[in-house]
Amino acid sequence: MTDAAADARAIERLRTLVRIPTISRPTTGPGPRADRDAFEQFIAALPALYPRVHEALTVERHGTDPEGDVPYSLLYRWPGSDPTGASAPTVLMAHYDVVPATDDGWQHPAFGAEVLEHDGEQVVWGRGTIDDKGSLVAVLEAVDRLLEAGFTPRHDVLLVFGHDEEVAGTGAQAIVAALRERGIRPSLVVDEGGAIVRDVFPGLDEPAALIGVTEKGITTLTLRVEQQGGHASSPPPFAATERLALAILRLNGSPAKARLDPTMRAMIRTLGARTKQPLRFVFRHVDAFAPLLLRVLLRRGAETTALLRTTRAVTELRAGHAANALPEHAEATVNMRIAPGSSVAEAVDEVRRTINDELVVIDVLLPSEPSPVSPASGRAWDDLVGAIDESVPGLLVSPYVMMQASDSRFFTTISDHVYRFAPFRLSGAERACLHAKNERIRISSFLEGIEIYAALLQRR
């Protein structure tokens, strides 16, 4: 098979899997959490698309589906040539559930997986192309091509494909529990997160690969106001909705304190080393110039600002039952991403003090602390950086703080080397489509990602 034929087949496999609407829905939404038929269809498609992988690797199903009875997360094992490598495997992760999408507002159907030219390049269009079926297919393509070439890794390789990363991560947690019971401590874990990006750092005119060595914690808050209702024709001076709105405005007007944690300082030194003077001098001496750098970076926009502080986003509002009745209950959902160096307790306390209203009840749901920081040095890091350099020679590589939450956070309990990096070139416009309309991936970027995964596996 020529490389062109293999690439064409990889693109068609990606399109096939993107067309399957494996949607996870939040618990607060209407209807079931997921469509079981779509998840079963996805799992059934994998052996048909990758027969060689399923002949050489074993596969187990773990976790439960959102209704609580069928395991949908997948754990593949590729045995290594060194028997001692079974207890310290390499783990490559992805998830195949996606956030909800309809065709409304999309330039092309959300689950059509159409191949089109966009900004001068061929792209695959559809929900999940980046988050995260693109990574899943790229991993399987890398394994399939290495098997075809007769390659066997030294240590075991585990492929972990979660089914509910977008809502809870119970599948990944179940797999971690199983690995812990078996005494397995992975020597390297790679999941989604950073990417190959540009125009994200002042003064840097070249692309850089950002590898998440930690990730923010994630916690959901509900702000509740219970108050006497009545007829809307005689409203009180301060109804439940007004009280809730004031609490939201107070949060919005008083963001969490910004700080430069050790990972951010390492990122500034690394990326800053490739900028021009006098910026290079400032970035190299980040500790001395920290107050100035904070002011500058906070003006760089939402993406950069989110790297520097705990963020709070009001994502849902609920109140009332009729147009002419005062609501007796008003509620808001606040999604918090907690910065390294902070904690759930500190972040919640800051929210409580900012709102400063005893009638606004704060409930804390699904608290998750920031992840431990994995080292940006050593064998595991060097293998990942080496694989990137082999595929994209001379590319600048830097640690960073991942702002989102991934299934890999659960693996920090059994591995000290957990990294978040999807090996794709993503523009600012493409990153803005995550969890939004018009998600898409450039074919050239997708194919380059396969090469990086393959180069990494050959080092393990």
# chains A, B, ... in the order shown; residues from 1 in each chain; ligands from 1
>>> residues_around(residues="A:Val334", least_positions_apart="4", cutoff="9 Å", atoms="only C-alpha atoms", output="CSV table (one decimal) with N, CA and C atoms, in the first residue's frame")
chain,number,residue,atom,x,y,z
A,219,THR,N,-14.9,22.3,38.6
A,219,THR,CA,-15.9,22.2,39.6
A,219,THR,C,-17.1,22.9,39.1
A,220,THR,N,-18.3,22.3,39.4
A,220,THR,CA,-19.5,23.0,39.0
A,220,THR,C,-20.2,23.5,40.3
A,221,LEU,N,-20.6,24.8,40.2
A,221,LEU,CA,-21.4,25.4,41.3
A,221,LEU,C,-22.8,25.6,40.8
A,222,THR,N,-23.8,25.5,41.7
A,222,THR,CA,-25.1,26.1,41.4
A,222,THR,C,-25.4,27.2,42.4
A,223,LEU,N,-25.8,28.3,41.9
A,223,LEU,CA,-26.3,29.4,42.7
A,223,LEU,C,-27.8,29.4,42.7
A,312,ARG,N,-14.4,31.4,35.9
A,312,ARG,CA,-15.8,31.1,36.2
A,312,ARG,C,-16.7,31.5,35.0
A,313,ALA,N,-17.5,30.6,34.6
A,313,ALA,CA,-18.4,30.8,33.5
A,313,ALA,C,-19.8,30.4,33.8
A,314,VAL,N,-20.7,31.3,33.7
A,314,VAL,CA,-22.1,31.0,33.9
A,314,VAL,C,-22.7,30.4,32.6
A,315,THR,N,-23.0,29.1,32.7
A,315,THR,CA,-23.4,28.3,31.5
A,315,THR,C,-24.8,28.0,31.4
A,316,GLU,N,-25.6,28.1,32.5
A,316,GLU,CA,-27.0,27.7,32.4
A,316,GLU,C,-27.8,28.6,33.4
>>> residues_around(residues="A:Gly301", least_positions_apart="5", cutoff="12 Å", atoms="only C-alpha atoms", output="JSON, numbers by chain")
{"A": [199, 200, 201, 202, 295, 296, 306, 307, 308, 428]}
>>> closest_residue(among="A:Gln227, A:Thr305, A:Ser415, A:Thr16", to="A:Gly183", atoms="only C-alpha atoms")
A:Ser415
>>> residues_around(residues="stretch 136-147 of chain A", least_positions_apart="6", cutoff="8 Å", atoms="only C-alpha atoms", output="VMD selection string")
chain A and resid 10 13 to 14 50 52 to 53 92 to 96 161 446 to 447 449 to 451 453 to 454
>>> select_by_dssp(residues="stretch 159-190 of chain A", states="helix (DSSP H, G or I)", output="PyMOL selection string")
chain A and resi 170-181
>>> write_last_selection(atoms="C-alpha atoms", output="compact mmCIF listing (two decimals), in the first residue's frame")
# COMPACT_ATOMS: atom_id res chain seq x y z
CA THR A 170 -16.57 7.32 34.68
CA GLY A 171 -15.16 5.05 32.00
CA ALA A 172 -11.62 6.35 32.48
CA GLN A 173 -12.01 6.07 36.23
CA ALA A 174 -13.08 2.43 35.88
CA ILE A 175 -10.03 1.68 33.72
CA VAL A 176 -7.70 3.36 36.23
CA ALA A 177 -9.24 1.25 39.00
CA ALA A 178 -8.67 -1.92 36.97
CA LEU A 179 -5.04 -1.02 36.23
CA ARG A 180 -4.41 -0.19 39.88
CA GLU A 181 -5.75 -3.60 40.91
>>> residues_around(residues="A:Asp97", least_positions_apart="2", cutoff="6 Å", atoms="only C-alpha atoms", output="PyMOL selection string")
chain A and resi 22-24+95+163-164
>>> select_by_dssp(residues="stretch 142-380 of chain A", states="strand (DSSP E or B)", output="MDAnalysis selection string")
chainID A and resid 157:162 188:197 208:215 217:226 230:231 311:319 325:326 329:338 361:368
>>> write_last_selection(atoms="C-alpha atoms", output="compact mmCIF listing (two decimals), in the first residue's frame")
# COMPACT_ATOMS: atom_id res chain seq x y z
CA VAL A 157 1.10 -0.18 24.89
CA LEU A 158 -2.39 0.48 26.22
CA LEU A 159 -4.99 2.36 24.23
CA VAL A 160 -7.69 3.94 26.41
CA PHE A 161 -10.78 5.24 24.62
CA GLY A 162 -13.29 6.81 27.00
CA LEU A 188 3.93 7.54 30.05
CA VAL A 189 0.35 8.72 29.51
CA VAL A 190 -0.58 10.96 26.57
CA ASP A 191 -4.08 12.39 26.19
CA GLU A 192 -5.70 15.32 24.39
CA GLY A 193 -4.81 18.84 25.46
CA GLY A 194 -2.14 21.02 23.91
CA ALA A 195 -1.47 21.20 20.18
CA ILE A 196 0.82 22.81 17.62
CA VAL A 197 -0.25 26.44 17.66
CA ALA A 208 5.07 25.86 19.02
CA ALA A 209 3.98 22.53 20.44
CA LEU A 210 2.38 23.08 23.83
CA ILE A 211 2.32 20.02 26.09
CA GLY A 212 0.11 20.15 29.15
CA VAL A 213 2.09 18.99 32.17
CA THR A 214 -0.85 19.73 34.45
CA GLU A 215 -4.47 20.70 34.04
CA GLY A 217 -9.29 21.47 38.35
CA ILE A 218 -12.95 21.55 37.40
CA THR A 219 -15.92 22.18 39.65
CA THR A 220 -19.55 22.99 39.00
CA LEU A 221 -21.42 25.38 41.27
CA THR A 222 -25.13 26.06 41.40
CA LEU A 223 -26.27 29.43 42.69
CA ARG A 224 -29.82 29.14 44.06
CA VAL A 225 -32.30 31.73 45.25
CA GLU A 226 -35.58 30.64 46.88
CA GLY A 230 -46.67 35.97 43.24
CA HIS A 231 -48.33 37.75 40.37
CA THR A 311 -12.09 31.05 35.65
CA ARG A 312 -15.83 31.12 36.24
CA ALA A 313 -18.37 30.83 33.46
CA VAL A 314 -22.14 31.00 33.92
CA THR A 315 -23.37 28.32 31.54
CA GLU A 316 -27.03 27.72 32.45
CA LEU A 317 -29.89 29.80 33.84
CA ARG A 318 -33.22 28.45 35.11
CA ALA A 319 -36.17 30.35 36.59
CA ALA A 325 -45.80 34.72 37.52
CA LEU A 326 -42.86 35.72 39.69
CA HIS A 329 -36.80 29.61 42.38
CA ALA A 330 -33.93 31.01 40.32
CA GLU A 331 -30.78 29.05 39.62
CA ALA A 332 -27.53 29.45 37.71
CA THR A 333 -24.83 26.92 36.86
CA VAL A 334 -21.26 28.15 37.15
CA ASN A 335 -18.45 26.15 35.56
CA MET A 336 -15.15 26.80 37.36
CA ARG A 337 -11.69 25.84 36.12
CA ILE A 338 -9.34 26.02 39.08
CA VAL A 361 -27.18 29.38 48.26
CA ILE A 362 -24.05 27.86 46.74
CA ASP A 363 -23.93 24.12 46.05
CA VAL A 364 -20.66 22.45 45.01
CA LEU A 365 -20.95 19.58 42.50
CA LEU A 366 -18.28 17.17 41.22
CA PRO A 367 -15.25 18.93 42.75
CA SER A 368 -11.91 18.05 41.14
>>> closest_residue(among="A:Arg265, A:Arg243, A:Arg185, A:His118", to="A:Leu359", atoms="only C-alpha atoms")
A:Arg243
>>> atom_distance(atom1="atom CA of A:His285", atom2="atom CA of A:Pro399")
17.4 Å
>>> residues_around(residues="A:Arg459", least_positions_apart="2", cutoff="9 Å", atoms="only C-alpha atoms", output="PyMOL selection string")
chain A and resi 153-154+383-384+386-387+454-457
